[in-house]
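**Student:** Please find run.cif (mmCIF, C-alpha atoms) on the next line:
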```cif
data_work
loop_
_atom_site.group_PDB
_atom_site.id
_atom_site.type_symbol
_atom_site.label_atom_id
_atom_site.label_comp_id
_atom_site.auth_asym_id
_atom_site.auth_seq_id
_atom_site.Cartn_x
_atom_site.Cartn_y
_atom_site.Cartn_z
ATOM 1 C CA MET I 1 -12.143 -2.564 31.110
ATOM 2 C CA THR I 2 -10.268 -2.012 27.860
ATOM 3 C CA THR I 3 -11.270 0.552 25.314
ATOM 4 C CA THR I 4 -10.509 0.310 21.639
ATOM 5 C CA THR I 5 -9.890 3.396 19.568
ATOM 6 C CA THR I 6 -10.082 3.435 15.804
ATOM 7 C CA ARG I 7 -8.234 5.735 13.431
ATOM 8 C CA ARG I 8 -8.484 5.899 9.638
ATOM 9 C CA ILE I 9 -5.796 7.204 7.331
ATOM 10 C CA THR I 10 -5.475 7.179 3.553
ATOM 11 C CA VAL I 11 -2.009 6.984 2.041
ATOM 12 C CA THR I 12 -1.547 7.575 -1.692
ATOM 13 C CA PHE I 13 1.437 6.277 -3.638
ATOM 14 C CA PRO I 14 2.678 6.693 -7.212
ATOM 15 C CA PRO I 15 2.339 3.660 -9.504
ATOM 16 C CA VAL I 16 4.486 0.672 -8.542
ATOM 17 C CA PRO I 17 7.522 0.193 -10.841
ATOM 18 C CA HIS I 18 6.956 -2.518 -13.454
ATOM 19 C CA VAL I 19 9.906 -4.603 -12.252
ATOM 20 C CA LEU I 20 8.029 -5.216 -8.978
ATOM 21 C CA HIS I 21 5.046 -6.770 -10.743
ATOM 22 C CA PRO I 22 5.010 -10.590 -10.630
ATOM 23 C CA ASN I 23 5.476 -10.717 -14.419
ATOM 24 C CA GLY I 24 8.004 -7.856 -14.415
ATOM 25 C CA ARG I 25 11.231 -8.567 -16.239
ATOM 26 C CA THR I 26 14.696 -7.359 -15.467
ATOM 27 C CA ARG I 27 18.056 -8.818 -16.303
ATOM 28 C CA ARG I 28 19.650 -7.561 -13.115
ATOM 29 C CA ILE I 29 18.321 -8.940 -9.839
ATOM 30 C CA GLY I 30 20.129 -6.140 -8.009
ATOM 31 C CA TYR I 31 18.011 -3.568 -9.844
ATOM 32 C CA ARG I 32 14.812 -5.293 -8.703
ATOM 33 C CA ALA I 33 16.102 -5.419 -5.121
ATOM 34 C CA ALA I 34 17.030 -1.728 -5.238
ATOM 35 C CA MET I 35 13.586 -0.778 -6.591
ATOM 36 C CA PHE I 36 11.884 -2.856 -3.882
ATOM 37 C CA SER I 37 13.965 -1.146 -1.202
ATOM 38 C CA LYS I 38 13.289 2.340 -2.630
ATOM 39 C CA THR I 39 9.542 1.694 -2.938
ATOM 40 C CA LYS I 40 9.403 0.348 0.624
ATOM 41 C CA HIS I 41 11.269 3.414 1.932
ATOM 42 C CA ASP I 42 8.964 5.782 0.006
ATOM 43 C CA ALA I 43 5.929 4.006 1.473
ATOM 44 C CA TYR I 44 7.421 4.309 4.960
ATOM 45 C CA ILE I 45 7.932 8.069 4.518
ATOM 46 C CA ALA I 46 4.432 8.605 3.064
ATOM 47 C CA THR I 47 2.793 6.672 5.906
ATOM 48 C CA ARG I 48 4.764 8.527 8.589
ATOM 49 C CA GLU I 49 3.783 11.853 7.003
ATOM 50 C CA GLU I 50 0.126 10.817 6.985
ATOM 51 C CA LEU I 51 0.312 9.729 10.637
ATOM 52 C CA GLY I 52 1.962 13.000 11.619
ATOM 53 C CA LEU I 53 2.856 13.103 15.288
ATOM 54 C CA TRP I 54 0.119 10.631 16.182
ATOM 55 C CA LEU I 55 1.453 7.511 17.826
ATOM 56 C CA PRO I 56 -0.802 4.892 19.371
ATOM 57 C CA ALA I 57 -1.035 5.009 23.159
ATOM 58 C CA GLY I 58 -1.462 1.227 23.286
ATOM 59 C CA SER I 59 -0.560 -1.555 20.959
ATOM 60 C CA ILE I 60 -2.111 -1.817 17.515
ATOM 61 C CA THR I 61 -4.384 -4.854 17.633
ATOM 62 C CA ALA I 62 -5.746 -4.875 14.071
ATOM 63 C CA VAL I 63 -5.022 -3.163 10.782
ATOM 64 C CA THR I 64 -7.636 -3.285 8.032
ATOM 65 C CA VAL I 65 -6.404 -2.246 4.592
ATOM 66 C CA THR I 66 -8.377 -1.508 1.431
ATOM 67 C CA ARG I 67 -6.340 -1.033 -1.749
ATOM 68 C CA ARG I 68 -7.595 1.288 -4.476
ATOM 69 C CA PHE I 69 -5.941 1.273 -7.881
ATOM 70 C CA TYR I 70 -6.568 4.405 -9.919
ATOM 71 C CA VAL I 71 -6.127 3.709 -13.632
ATOM 72 C CA PRO I 72 -6.505 6.087 -16.599
ATOM 73 C CA ASP I 73 -8.532 3.803 -18.906
ATOM 74 C CA ARG I 74 -10.863 0.808 -18.981
ATOM 75 C CA ARG I 75 -8.367 -1.778 -20.263
ATOM 76 C CA ALA I 76 -8.609 -5.231 -18.752
ATOM 77 C CA ARG I 77 -6.183 -5.641 -15.832
ATOM 78 C CA ASP I 78 -5.164 -8.616 -13.739
ATOM 79 C CA ILE I 79 -6.176 -7.666 -10.202
ATOM 80 C CA ASP I 80 -4.091 -10.482 -8.664
ATOM 81 C CA ASN I 81 -0.891 -9.123 -10.201
ATOM 82 C CA MET I 82 -1.794 -5.579 -9.197
ATOM 83 C CA GLU I 83 -2.295 -6.705 -5.601
ATOM 84 C CA ALA I 84 0.929 -8.724 -5.558
ATOM 85 C CA SER I 85 2.917 -5.754 -6.820
ATOM 86 C CA THR I 86 2.048 -3.777 -3.669
ATOM 87 C CA LYS I 87 4.135 -5.970 -1.315
ATOM 88 C CA ALA I 88 6.836 -3.281 -0.965
ATOM 89 C CA LEU I 89 4.155 -0.689 -0.152
ATOM 90 C CA ALA I 90 2.642 -2.954 2.517
ATOM 91 C CA ASP I 91 6.078 -3.586 4.044
ATOM 92 C CA GLY I 92 6.778 0.158 4.228
ATOM 93 C CA CYS I 93 3.401 0.864 5.843
ATOM 94 C CA ALA I 94 3.909 -1.921 8.372
ATOM 95 C CA GLN I 95 7.353 -0.577 9.249
ATOM 96 C CA ALA I 96 5.948 2.932 9.745
ATOM 97 C CA LEU I 97 3.197 1.579 12.005
ATOM 98 C CA GLY I 98 5.634 -0.580 13.938
ATOM 99 C CA VAL I 99 3.752 -3.817 13.267
ATOM 100 C CA ASN I 100 4.268 -6.974 11.264
ATOM 101 C CA ASP I 101 2.258 -7.004 8.040
ATOM 102 C CA SER I 102 0.895 -10.433 8.978
ATOM 103 C CA ILE I 103 -1.745 -8.659 11.132
ATOM 104 C CA PHE I 104 -3.107 -6.782 8.087
ATOM 105 C CA HIS I 105 -6.696 -7.725 7.230
ATOM 106 C CA TRP I 106 -6.947 -7.177 3.466
ATOM 107 C CA GLN I 107 -10.295 -6.070 2.118
ATOM 108 C CA PRO I 108 -11.222 -6.641 -1.543
ATOM 109 C CA SER I 109 -9.325 -4.270 -3.830
ATOM 110 C CA GLU I 110 -11.040 -1.726 -6.036
ATOM 111 C CA ILE I 111 -10.101 -0.500 -9.491
ATOM 112 C CA VAL I 112 -11.213 3.079 -10.087
ATOM 113 C CA VAL I 113 -11.121 4.479 -13.624
ATOM 114 C CA GLU I 114 -10.204 8.150 -13.578
ATOM 115 C CA ARG I 115 -8.801 9.780 -16.684
ATOM 116 C CA GLY I 116 -5.198 10.939 -16.319
ATOM 117 C CA ARG I 117 -4.674 9.403 -12.877
ATOM 118 C CA ARG I 118 -2.316 6.501 -12.068
ATOM 119 C CA GLU I 119 -1.957 5.871 -8.344
ATOM 120 C CA VAL I 120 -2.382 3.309 -5.623
ATOM 121 C CA SER I 121 -3.991 4.258 -2.340
ATOM 122 C CA PHE I 122 -4.234 2.329 0.903
ATOM 123 C CA GLU I 123 -7.122 3.145 3.208
ATOM 124 C CA ILE I 124 -5.878 1.961 6.576
ATOM 125 C CA GLN I 125 -8.048 1.505 9.647
ATOM 126 C CA LEU I 126 -6.095 1.059 12.859
ATOM 127 C CA GLU I 127 -7.539 -0.447 16.001
ATOM 128 C CA VAL I 128 -5.579 0.390 19.124
ATOM 129 C CA GLY I 129 -6.346 -1.348 22.370
#
```
Take the structure from the file and write it as structure tokens.

**Tutor:**
Amino acid sequence: MTTTTTRRITVTFPPVPHVLHPNGRTRRIGYRAAMFSKTKHDAYIATREELGLWLPAGSITAVTVTRRFYVPDRRARDIDNMEASTKALADGCAQALGVNDSIFHWQPSEIVVERGRREVSFEIQLEVG
């Protein structure tokens, strides 16, 4: 008989650099690659800190992720571009969890208007079996 344990963590990140947005412009491809690598590393560190010393006893069977974008005003935003810009964050989280990000089950994203706040948070639910 197998038992499945569930654990929830919430990881908060600073805003994603504009060059990582799908419509982001840069004249140097190396700069974009460096920013992607830095953002991925920062996401890895933030996820490991949130996990603490907890490591799954078994293998992670499912990862459900809900993205929350905290924005300071009610301007119209393209949710597809906002979601696409979080690829480096997802890669860093997957690396910290020791899984491939292809097993992530993405829930619909939310945009939360909160004056003076610009962040992205991932609410991650892990199923270990």

**Student:** Would you write out, as a PyMOL selection string, every residue that the PyMOL selection byres ((chain I and resi 18-31) around 12) captures in this file?

**Tutor:** chain I and resi 14-17+32-40+78-89

**Student:** Residues of region 20-128 of chain I that approach region 3-8 of chain I to 9 Å or less, counting all atoms listed in the file: could you list each one with the shortest pair of atoms and its distance in Å to one decimal, rows by chain and increasing residue number, as a tab-separated table?

**Tutor:**
```
residue	atom	partner	partner_atom	distance
I:Thr61	CA	I:Thr4	CA	9.0
I:Glu123	CA	I:Arg8	CA	7.1
I:Ile124	CA	I:Arg8	CA	5.6
I:Gln125	CA	I:Arg8	CA	4.4
I:Leu126	CA	I:Arg7	CA	5.2
I:Glu127	CA	I:Thr6	CA	4.6
I:Val128	CA	I:Thr5	CA	5.3
```

**Student:** Work out how far apart CA of Arg74 (chain I) and CA of Thr12 (chain I) are and give it in Å to one decimal.

**Tutor:**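 Here the two named atoms are 20.8 Å from each other.
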
**Student:** So for region 31-39 of chain I, what box centre and size do we get, axis-aligned, 8 Å extra on each of the six sides, every listed atom, Å to one decimal, as JSON?

**Tutor:**
```
{"center_x": 13.8, "center_y": -1.5, "center_z": -5.5, "size_x": 24.5, "size_y": 23.8, "size_z": 24.6}
```

**Student:** Let me make sure I understand: among I:Val71, I:Leu53, I:Val112, I:Ile60, which one has the smallest atom-to-atom distance to Gly98 (chain I) if we use only C-alpha atoms?

**Tutor:**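 Closest candidate: I:Ile60.
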
**Student:** Could you list, as an MDAnalysis selection string, every residue matched by the PyMOL selection byres ((chain I and resi 116) around 9) in this structure?

**Tutor:** chainID I and resid 71:73 114:115 117:118

**Student:** Could you state the separation of CA of Arg77 (chain I) and CA of Glu50 (chain I) in Å, given to one decimal place?

**Tutor:**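 Between CA of Arg77 (chain I) and CA of Glu50 (chain I) the gap is 28.8 Å.
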
**Student:** Calculate how many Å separate CA of Ala62 (chain I) from CA of Glu119 (chain I), rounding to one decimal.

**Tutor:**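 Value for the CA of Ala62 (chain I)-CA of Glu119 (chain I) distance: 25.1 Å.
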
**Student:** For the file shown, report as a list of chain:residue names the outcome of the PyMOL selection byres ((chain I and resi 90-92) around 9) at residue level.

**Tutor:**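 Here the PyMOL selection byres ((chain I and resi 90-92) around 9) matches I:Thr39, I:Lys40, I:His41, I:Asp42, I:Ala43, I:Tyr44, I:Ile45, I:Ala46, I:Thr47, I:Thr86, I:Lys87, I:Ala88, I:Leu89, I:Cys93, I:Ala94, I:Gln95, I:Ala96, I:Leu97, I:Asn100, I:Asp101, I:Phe104, I:Phe122.
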
**Student:** So that I can check the surroundings of Arg68 (chain I), please list as a PyMOL selection string every protein, DNA and RNA residue that reaches within 7 Å of it, counting all atoms listed in the file and ignoring chain neighbours fewer than 3 positions away.

**Tutor:** chain I and resi 109-112+120-122

**Student:** Using all atoms listed in the file, which residue out of I:Thr64, I:Thr10, I:Gly52, I:Ser59 lies closest to His105 (chain I)?

**Tutor:** I:Thr64

**Student:** Using all atoms listed in the file for the distances, tell me which of I:Phe13, I:Trp54, I:Thr66, I:Glu49 is nearest to Pro108 (chain I).

**Tutor:**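 Closest residue, counting all atoms listed in the file: I:Thr66.
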